[in-house]
There are 2 protein chains.
Amino acid sequence: MLSIVIADSEIELVPDEIAGHAAIRRKAKRRGKPPAETLLDSNMDHVPMRRLVDGDRRGRPDIAHLCLLVALDSISSREGDLLVYVHTREDVILTFDPGTRLPRVQGRFYGILEKILTSETGTDLIGYDKMNLAGLCLKIAPDITLALTPSGKRSSLAEEMSGKEHVLSIIGGFPRGEFKSPVESLADATISCYPDSLNAWTVLNEVVFSYRNSR
Amino acid sequence: MLSIVIADSEIELVPDEIAGHAAIRRKAKRRGKPPAETLLDSNMDHVPMRRLVDGDRRGRPDIAHLCLLVALDSISSREGDLLVYVHTREDVILTFDPGTRLPRVQGRFYGILEKILTSETGTDLIGYDKMNLAGLCLKIAPDITLALTPSGKRSSLAEEMSGKEHVLSIIGGFPRGEFKSPVESLADATISCYPDSLNAWTVLNEVVFSYRNSR
């Protein structure tokens, strides 16, 4: 079994500090929702986001969306070998049933996230929990935990996974910077799979195919 | 070298038959463009699209977008081993330079396509040609051409690719049905890589990783 956590994902509702900003209010009104029930989206909200701490990395639900589209349709997921979790900067855990058919249109996926985050309740196929990354790792209880980061040790993923029944890989769901969660203390190894920085979905693909090659 | 053509992609400008439809005109007006210069998008245009031949499969630029995001960020592309082409139902060929950094936001990508298809001119990084799939295959001149389709022969991609220097894989850029182009006569083998029908980006991943494994 391969478990993948897309960790410290930059997915959150519009925070209070900027919920009153004119651009945010306009966007919310157009969608018929209170600002605090809409998703922070750097593509739309980059001007008000300048006021936020970490404003240059937040509001990136597109990253997890793309990772999930790739992961949930993969052959490993169809074969029942892959489970995917999204962990957010606010320690929300979203657990995706392998049978989840996500909308490919970004806006529709964001609408689902808004509903889940606002109600703090999952759906039939998407679980919702409040839990930090350490708690999730304990719950998954893998045989080995590998964190993927450009600053890790250059290593072959397939070799690291070899001989391990249940592998957990932690991938960053943010566009730049480092993990916020203490991945180094949670992982058995912190690994880089390429000399250059890669997008999250490319790392995810490397993990999925290395796992298959290591069986 | 691996070349991938996302063939018969359902990417086109709004066709004349439905350019006068109220919903299409409204959408175009909101974007400040004539209807015939906007992209057909099944997500927005599904009602007027009922009038079109093949209306249940057209207007799917999201498929090529996702394939390109996955392909252009892949390690194979970064290493200079992968070239990606998009062929459309109207025999337009878009050639993507491996250095192209595509917008992840769907609407922005669609805006680029609208500009290219309307002007019939490429950009610095995206080439535009009028050519059918047969012409493109001749131009690419690979050592072997493999077409991927659920109705093909079940086979190992890595084995088919083994020993071939330049491999061309043809993947369908449409959501259902069969290729419109005569892929069976263009390909050396028509192959299925999984017993079930897969999304285009999953097939693309299988092709990319099988190619790497076959080296």
# chains A, B, ... in the order shown; residues from 1 in each chain; ligands from 1
>>> interface_residues(of="chain A", to="chain B", cutoff="9 Å", atoms="only C-alpha atoms", output="PyMOL selection string")
chain A and resi 43+62-63+66+69-71+73-75+104-106+194+198-199+201-203+205-206+209
>>> residues_around(residues="B:Arg58", least_positions_apart="4", cutoff="10 Å", atoms="only C-alpha atoms", output="list in words")
Ser9, Glu10, Ile11, Glu12, Leu40, Asp41, Ser42, His46, Met49, Leu52, Val53, Asp54, Arg89, Phe174, Pro175 and Arg176 of chain B
>>> select_by_dssp(residues="stretch 12-168 of chain B", states="strand (DSSP E or B)", output="mmCIF file with all heavy atoms, in the first residue's frame")
data_model
loop_
_atom_site.group_PDB
_atom_site.id
_atom_site.type_symbol
_atom_site.label_atom_id
_atom_site.label_comp_id
_atom_site.auth_asym_id
_atom_site.auth_seq_id
_atom_site.Cartn_x
_atom_site.Cartn_y
_atom_site.Cartn_z
ATOM 1 N N LEU B 13 -12.504 26.980 -31.660
ATOM 2 C CA LEU B 13 -13.282 28.193 -31.387
ATOM 3 C C LEU B 13 -14.763 27.855 -31.554
ATOM 4 O O LEU B 13 -15.114 26.858 -32.204
ATOM 5 C CB LEU B 13 -12.856 29.311 -32.334
ATOM 6 C CG LEU B 13 -11.378 29.746 -32.169
ATOM 7 C CD1 LEU B 13 -10.973 30.696 -33.292
ATOM 8 C CD2 LEU B 13 -11.149 30.395 -30.800
ATOM 9 N N LEU B 39 -13.254 30.234 -27.022
ATOM 10 C CA LEU B 39 -13.071 28.788 -27.090
ATOM 11 C C LEU B 39 -14.377 28.063 -26.747
ATOM 12 O O LEU B 39 -15.093 28.474 -25.833
ATOM 13 C CB LEU B 39 -11.994 28.405 -26.071
ATOM 14 C CG LEU B 39 -11.059 27.254 -26.421
ATOM 15 C CD1 LEU B 39 -10.302 27.534 -27.705
ATOM 16 C CD2 LEU B 39 -10.070 27.049 -25.280
ATOM 17 N N LEU B 82 11.540 14.629 -24.090
ATOM 18 C CA LEU B 82 10.106 14.561 -24.414
ATOM 19 C C LEU B 82 9.671 15.799 -25.188
ATOM 20 O O LEU B 82 9.954 16.924 -24.793
ATOM 21 C CB LEU B 82 9.307 14.467 -23.098
ATOM 22 C CG LEU B 82 7.787 14.560 -23.182
ATOM 23 C CD1 LEU B 82 7.211 13.418 -24.006
ATOM 24 C CD2 LEU B 82 7.170 14.543 -21.777
ATOM 25 N N LEU B 83 8.964 15.556 -26.296
ATOM 26 C CA LEU B 83 8.333 16.653 -27.038
ATOM 27 C C LEU B 83 6.840 16.390 -27.094
ATOM 28 O O LEU B 83 6.421 15.255 -27.338
ATOM 29 C CB LEU B 83 8.888 16.727 -28.467
ATOM 30 C CG LEU B 83 10.240 17.425 -28.626
ATOM 31 C CD1 LEU B 83 10.672 17.380 -30.096
ATOM 32 C CD2 LEU B 83 10.149 18.888 -28.156
ATOM 33 N N VAL B 84 6.035 17.429 -26.875
ATOM 34 C CA VAL B 84 4.580 17.249 -26.852
ATOM 35 C C VAL B 84 3.910 18.102 -27.926
ATOM 36 O O VAL B 84 4.219 19.294 -28.066
ATOM 37 C CB VAL B 84 3.967 17.656 -25.486
ATOM 38 C CG1 VAL B 84 2.593 17.029 -25.336
ATOM 39 C CG2 VAL B 84 4.860 17.258 -24.339
ATOM 40 N N TYR B 85 3.008 17.479 -28.639
ATOM 41 C CA TYR B 85 2.229 18.153 -29.665
ATOM 42 C C TYR B 85 0.751 17.977 -29.335
ATOM 43 O O TYR B 85 0.347 16.919 -28.841
ATOM 44 C CB TYR B 85 2.456 17.514 -31.038
ATOM 45 C CG TYR B 85 3.892 17.464 -31.486
ATOM 46 C CD1 TYR B 85 4.746 16.445 -31.041
ATOM 47 C CD2 TYR B 85 4.400 18.421 -32.355
ATOM 48 C CE1 TYR B 85 6.071 16.390 -31.461
ATOM 49 C CE2 TYR B 85 5.739 18.367 -32.779
ATOM 50 C CZ TYR B 85 6.555 17.353 -32.324
ATOM 51 O OH TYR B 85 7.860 17.293 -32.733
ATOM 52 N N VAL B 86 -0.043 18.994 -29.654
ATOM 53 C CA VAL B 86 -1.492 18.851 -29.564
ATOM 54 C C VAL B 86 -2.045 18.963 -30.978
ATOM 55 O O VAL B 86 -1.744 19.933 -31.697
ATOM 56 C CB VAL B 86 -2.106 19.934 -28.644
ATOM 57 C CG1 VAL B 86 -3.623 19.930 -28.755
ATOM 58 C CG2 VAL B 86 -1.675 19.702 -27.188
ATOM 59 N N HIS B 87 -2.810 17.953 -31.380
ATOM 60 C CA HIS B 87 -3.484 17.966 -32.678
ATOM 61 C C HIS B 87 -4.980 18.104 -32.402
ATOM 62 O O HIS B 87 -5.512 17.418 -31.536
ATOM 63 C CB HIS B 87 -3.200 16.643 -33.408
ATOM 64 C CG HIS B 87 -4.156 16.353 -34.523
ATOM 65 N ND1 HIS B 87 -5.246 15.511 -34.355
ATOM 66 C CD2 HIS B 87 -4.200 16.802 -35.798
ATOM 67 C CE1 HIS B 87 -5.916 15.446 -35.505
ATOM 68 N NE2 HIS B 87 -5.297 16.205 -36.391
ATOM 69 N N THR B 88 -5.656 18.998 -33.104
ATOM 70 C CA THR B 88 -7.069 19.241 -32.812
ATOM 71 C C THR B 88 -7.991 18.647 -33.886
ATOM 72 O O THR B 88 -7.528 18.259 -34.966
ATOM 73 C CB THR B 88 -7.386 20.747 -32.712
ATOM 74 O OG1 THR B 88 -7.455 21.283 -34.040
ATOM 75 C CG2 THR B 88 -6.326 21.487 -31.906
ATOM 76 N N VAL B 92 -5.370 21.418 -36.537
ATOM 77 C CA VAL B 92 -4.365 22.389 -36.107
ATOM 78 C C VAL B 92 -3.351 21.619 -35.275
ATOM 79 O O VAL B 92 -3.723 20.741 -34.491
ATOM 80 C CB VAL B 92 -5.001 23.514 -35.259
ATOM 81 C CG1 VAL B 92 -3.931 24.336 -34.537
ATOM 82 C CG2 VAL B 92 -5.868 24.410 -36.137
ATOM 83 N N ILE B 93 -2.070 21.909 -35.470
ATOM 84 C CA ILE B 93 -1.013 21.313 -34.654
ATOM 85 C C ILE B 93 -0.384 22.400 -33.795
ATOM 86 O O ILE B 93 0.104 23.412 -34.309
ATOM 87 C CB ILE B 93 0.114 20.701 -35.522
ATOM 88 C CG1 ILE B 93 -0.428 19.723 -36.557
ATOM 89 C CG2 ILE B 93 1.200 20.072 -34.639
ATOM 90 C CD1 ILE B 93 -0.887 18.415 -36.012
ATOM 91 N N LEU B 94 -0.413 22.206 -32.493
ATOM 92 C CA LEU B 94 0.271 23.112 -31.571
ATOM 93 C C LEU B 94 1.492 22.363 -31.036
ATOM 94 O O LEU B 94 1.375 21.247 -30.534
ATOM 95 C CB LEU B 94 -0.657 23.514 -30.426
ATOM 96 C CG LEU B 94 -1.975 24.183 -30.852
ATOM 97 C CD1 LEU B 94 -2.898 24.349 -29.648
ATOM 98 C CD2 LEU B 94 -1.703 25.535 -31.508
ATOM 99 N N THR B 95 2.661 22.979 -31.189
ATOM 100 C CA THR B 95 3.913 22.358 -30.752
ATOM 101 C C THR B 95 4.416 23.129 -29.539
ATOM 102 O O THR B 95 4.583 24.342 -29.603
ATOM 103 C CB THR B 95 4.963 22.450 -31.873
ATOM 104 O OG1 THR B 95 4.388 21.915 -33.066
ATOM 105 C CG2 THR B 95 6.212 21.657 -31.516
ATOM 106 N N PHE B 96 4.616 22.419 -28.431
ATOM 107 C CA PHE B 96 4.985 23.098 -27.189
ATOM 108 C C PHE B 96 6.472 22.950 -26.915
ATOM 109 O O PHE B 96 6.960 21.830 -26.734
ATOM 110 C CB PHE B 96 4.152 22.551 -26.023
ATOM 111 C CG PHE B 96 2.702 22.963 -26.132
ATOM 112 C CD1 PHE B 96 1.838 22.281 -26.968
ATOM 113 C CD2 PHE B 96 2.237 24.075 -25.448
ATOM 114 C CE1 PHE B 96 0.512 22.682 -27.114
ATOM 115 C CE2 PHE B 96 0.917 24.483 -25.583
ATOM 116 C CZ PHE B 96 0.049 23.792 -26.415
ATOM 117 N N ILE B 126 5.008 28.377 -28.425
ATOM 118 C CA ILE B 126 3.961 27.463 -28.908
ATOM 119 C C ILE B 126 3.835 27.639 -30.420
ATOM 120 O O ILE B 126 3.426 28.698 -30.896
ATOM 121 C CB ILE B 126 2.607 27.741 -28.216
ATOM 122 C CG1 ILE B 126 2.768 27.725 -26.684
ATOM 123 C CG2 ILE B 126 1.557 26.721 -28.673
ATOM 124 C CD1 ILE B 126 1.518 28.135 -25.913
ATOM 125 N N GLY B 127 4.196 26.585 -31.150
ATOM 126 C CA GLY B 127 4.112 26.658 -32.608
ATOM 127 C C GLY B 127 2.704 26.375 -33.101
ATOM 128 O O GLY B 127 1.968 25.600 -32.495
ATOM 129 N N TYR B 128 2.303 27.008 -34.202
ATOM 130 C CA TYR B 128 0.996 26.784 -34.828
ATOM 131 C C TYR B 128 1.201 26.310 -36.259
ATOM 132 O O TYR B 128 1.923 26.943 -37.026
ATOM 133 C CB TYR B 128 0.181 28.094 -34.823
ATOM 134 C CG TYR B 128 -1.128 28.006 -35.581
ATOM 135 C CD1 TYR B 128 -2.332 27.783 -34.922
ATOM 136 C CD2 TYR B 128 -1.161 28.153 -36.980
ATOM 137 C CE1 TYR B 128 -3.531 27.692 -35.622
ATOM 138 C CE2 TYR B 128 -2.361 28.064 -37.684
ATOM 139 C CZ TYR B 128 -3.540 27.840 -36.993
ATOM 140 O OH TYR B 128 -4.724 27.753 -37.686
ATOM 141 N N ASP B 129 0.568 25.209 -36.631
ATOM 142 C CA ASP B 129 0.578 24.742 -38.017
ATOM 143 C C ASP B 129 -0.777 24.173 -38.375
ATOM 144 O O ASP B 129 -1.466 23.635 -37.517
ATOM 145 C CB ASP B 129 1.618 23.614 -38.208
ATOM 146 C CG ASP B 129 3.035 24.118 -38.144
ATOM 147 O OD1 ASP B 129 3.473 24.778 -39.097
ATOM 148 O OD2 ASP B 129 3.697 23.844 -37.118
ATOM 149 N N LYS B 130 -1.135 24.272 -39.655
ATOM 150 C CA LYS B 130 -2.304 23.549 -40.160
ATOM 151 C C LYS B 130 -1.771 22.266 -40.786
ATOM 152 O O LYS B 130 -1.021 22.312 -41.767
ATOM 153 C CB LYS B 130 -3.034 24.391 -41.222
ATOM 154 C CG LYS B 130 -3.998 25.424 -40.678
ATOM 155 C CD LYS B 130 -5.210 24.837 -39.956
ATOM 156 C CE LYS B 130 -6.295 24.323 -40.908
ATOM 157 N NZ LYS B 130 -7.453 23.757 -40.168
ATOM 158 N N ILE B 144 9.289 4.159 -34.128
ATOM 159 C CA ILE B 144 8.071 3.370 -33.955
ATOM 160 C C ILE B 144 6.947 4.300 -33.505
ATOM 161 O O ILE B 144 7.187 5.262 -32.759
ATOM 162 C CB ILE B 144 8.265 2.208 -32.935
ATOM 163 C CG1 ILE B 144 7.033 1.293 -32.905
ATOM 164 C CG2 ILE B 144 8.562 2.756 -31.539
ATOM 165 C CD1 ILE B 144 7.240 0.009 -32.110
ATOM 166 N N THR B 145 5.737 4.036 -33.993
ATOM 167 C CA THR B 145 4.567 4.816 -33.600
ATOM 168 C C THR B 145 3.580 3.900 -32.897
ATOM 169 O O THR B 145 3.168 2.879 -33.460
ATOM 170 C CB THR B 145 3.892 5.448 -34.845
ATOM 171 O OG1 THR B 145 4.839 6.283 -35.503
ATOM 172 C CG2 THR B 145 2.682 6.286 -34.446
ATOM 173 N N LEU B 146 3.243 4.259 -31.665
ATOM 174 C CA LEU B 146 2.298 3.461 -30.877
ATOM 175 C C LEU B 146 1.060 4.314 -30.601
ATOM 176 O O LEU B 146 1.173 5.412 -30.047
ATOM 177 C CB LEU B 146 2.932 3.054 -29.538
ATOM 178 C CG LEU B 146 4.254 2.283 -29.617
ATOM 179 C CD1 LEU B 146 4.842 2.095 -28.219
ATOM 180 C CD2 LEU B 146 4.044 0.929 -30.288
ATOM 181 N N ALA B 147 -0.104 3.797 -30.986
ATOM 182 C CA ALA B 147 -1.354 4.494 -30.666
ATOM 183 C C ALA B 147 -1.970 3.827 -29.439
ATOM 184 O O ALA B 147 -2.028 2.600 -29.368
ATOM 185 C CB ALA B 147 -2.305 4.438 -31.852
ATOM 186 N N LEU B 148 -2.397 4.637 -28.496
ATOM 187 C CA LEU B 148 -2.971 4.104 -27.254
ATOM 188 C C LEU B 148 -4.486 4.236 -27.309
ATOM 189 O O LEU B 148 -5.006 5.350 -27.471
ATOM 190 C CB LEU B 148 -2.450 4.905 -26.055
ATOM 191 C CG LEU B 148 -1.058 4.604 -25.484
ATOM 192 C CD1 LEU B 148 -1.070 3.269 -24.773
ATOM 193 C CD2 LEU B 148 0.028 4.627 -26.547
ATOM 194 N N THR B 149 -5.162 3.132 -27.158
ATOM 195 C CA THR B 149 -6.627 3.148 -27.151
ATOM 196 C C THR B 149 -7.135 1.917 -26.410
ATOM 197 O O THR B 149 -6.507 0.852 -26.476
ATOM 198 C CB THR B 149 -7.203 3.207 -28.591
ATOM 199 O OG1 THR B 149 -8.508 2.618 -28.602
ATOM 200 C CG2 THR B 149 -6.349 2.442 -29.583
ATOM 201 N N PRO B 150 -8.264 2.056 -25.711
ATOM 202 C CA PRO B 150 -8.779 0.913 -24.943
ATOM 203 C C PRO B 150 -9.087 -0.286 -25.826
ATOM 204 O O PRO B 150 -9.078 -1.424 -25.362
ATOM 205 C CB PRO B 150 -10.073 1.454 -24.315
ATOM 206 C CG PRO B 150 -10.018 2.934 -24.431
ATOM 207 C CD PRO B 150 -9.099 3.261 -25.561
ATOM 208 N N SER B 151 -9.339 -0.049 -27.133
ATOM 209 C CA SER B 151 -9.676 -1.163 -28.018
ATOM 210 C C SER B 151 -8.430 -1.821 -28.612
ATOM 211 O O SER B 151 -8.542 -2.766 -29.393
ATOM 212 C CB SER B 151 -10.603 -0.682 -29.140
ATOM 213 O OG SER B 151 -9.954 0.332 -29.879
ATOM 214 N N GLY B 152 -7.239 -1.332 -28.242
ATOM 215 C CA GLY B 152 -6.007 -1.912 -28.775
ATOM 216 C C GLY B 152 -5.655 -3.230 -28.110
ATOM 217 O O GLY B 152 -6.335 -3.709 -27.206
ATOM 218 N N LYS B 153 -4.551 -3.787 -28.579
ATOM 219 C CA LYS B 153 -4.053 -5.060 -28.036
ATOM 220 C C LYS B 153 -3.398 -4.805 -26.676
ATOM 221 O O LYS B 153 -2.594 -3.878 -26.527
ATOM 222 C CB LYS B 153 -3.035 -5.607 -29.054
ATOM 223 C CG LYS B 153 -1.960 -6.547 -28.528
ATOM 224 C CD LYS B 153 -0.957 -6.925 -29.635
ATOM 225 C CE LYS B 153 0.067 -5.801 -29.857
ATOM 226 N NZ LYS B 153 1.470 -6.183 -30.002
ATOM 227 N N ARG B 154 -3.740 -5.598 -25.664
ATOM 228 C CA ARG B 154 -3.112 -5.463 -24.346
ATOM 229 C C ARG B 154 -1.639 -5.816 -24.460
ATOM 230 O O ARG B 154 -1.297 -6.893 -24.938
ATOM 231 C CB ARG B 154 -3.775 -6.405 -23.335
ATOM 232 C CG ARG B 154 -5.078 -5.928 -22.807
ATOM 233 C CD ARG B 154 -4.964 -4.887 -21.697
ATOM 234 N NE ARG B 154 -4.526 -5.433 -20.419
ATOM 235 C CZ ARG B 154 -3.595 -4.869 -19.673
ATOM 236 N NH1 ARG B 154 -2.987 -3.775 -20.053
ATOM 237 N NH2 ARG B 154 -3.273 -5.406 -18.519
ATOM 238 N N VAL B 167 10.584 7.186 -30.100
ATOM 239 C CA VAL B 167 9.241 6.608 -29.983
ATOM 240 C C VAL B 167 8.199 7.718 -30.100
ATOM 241 O O VAL B 167 8.331 8.765 -29.459
ATOM 242 C CB VAL B 167 9.076 5.910 -28.615
ATOM 243 C CG1 VAL B 167 7.649 5.396 -28.439
ATOM 244 C CG2 VAL B 167 10.080 4.764 -28.458
ATOM 245 N N LEU B 168 7.181 7.485 -30.918
ATOM 246 C CA LEU B 168 6.037 8.407 -30.975
ATOM 247 C C LEU B 168 4.816 7.702 -30.395
ATOM 248 O O LEU B 168 4.477 6.591 -30.805
ATOM 249 C CB LEU B 168 5.761 8.807 -32.440
ATOM 250 C CG LEU B 168 4.406 9.472 -32.724
ATOM 251 C CD1 LEU B 168 4.238 10.768 -31.941
ATOM 252 C CD2 LEU B 168 4.262 9.758 -34.226
#
>>> residues_around(residues="A:Lys115", least_positions_apart="3", cutoff="12 Å", atoms="only C-alpha atoms", output="list in words")
Glu12, Leu13, Lys33, Ala36, Glu37, Thr38, Leu39, Arg108, Phe109, Tyr110, Gly111, Ile112, Thr118, Ser119, Glu120, Thr121, Gly122, Thr123, Ile126 and Tyr128 of chain A
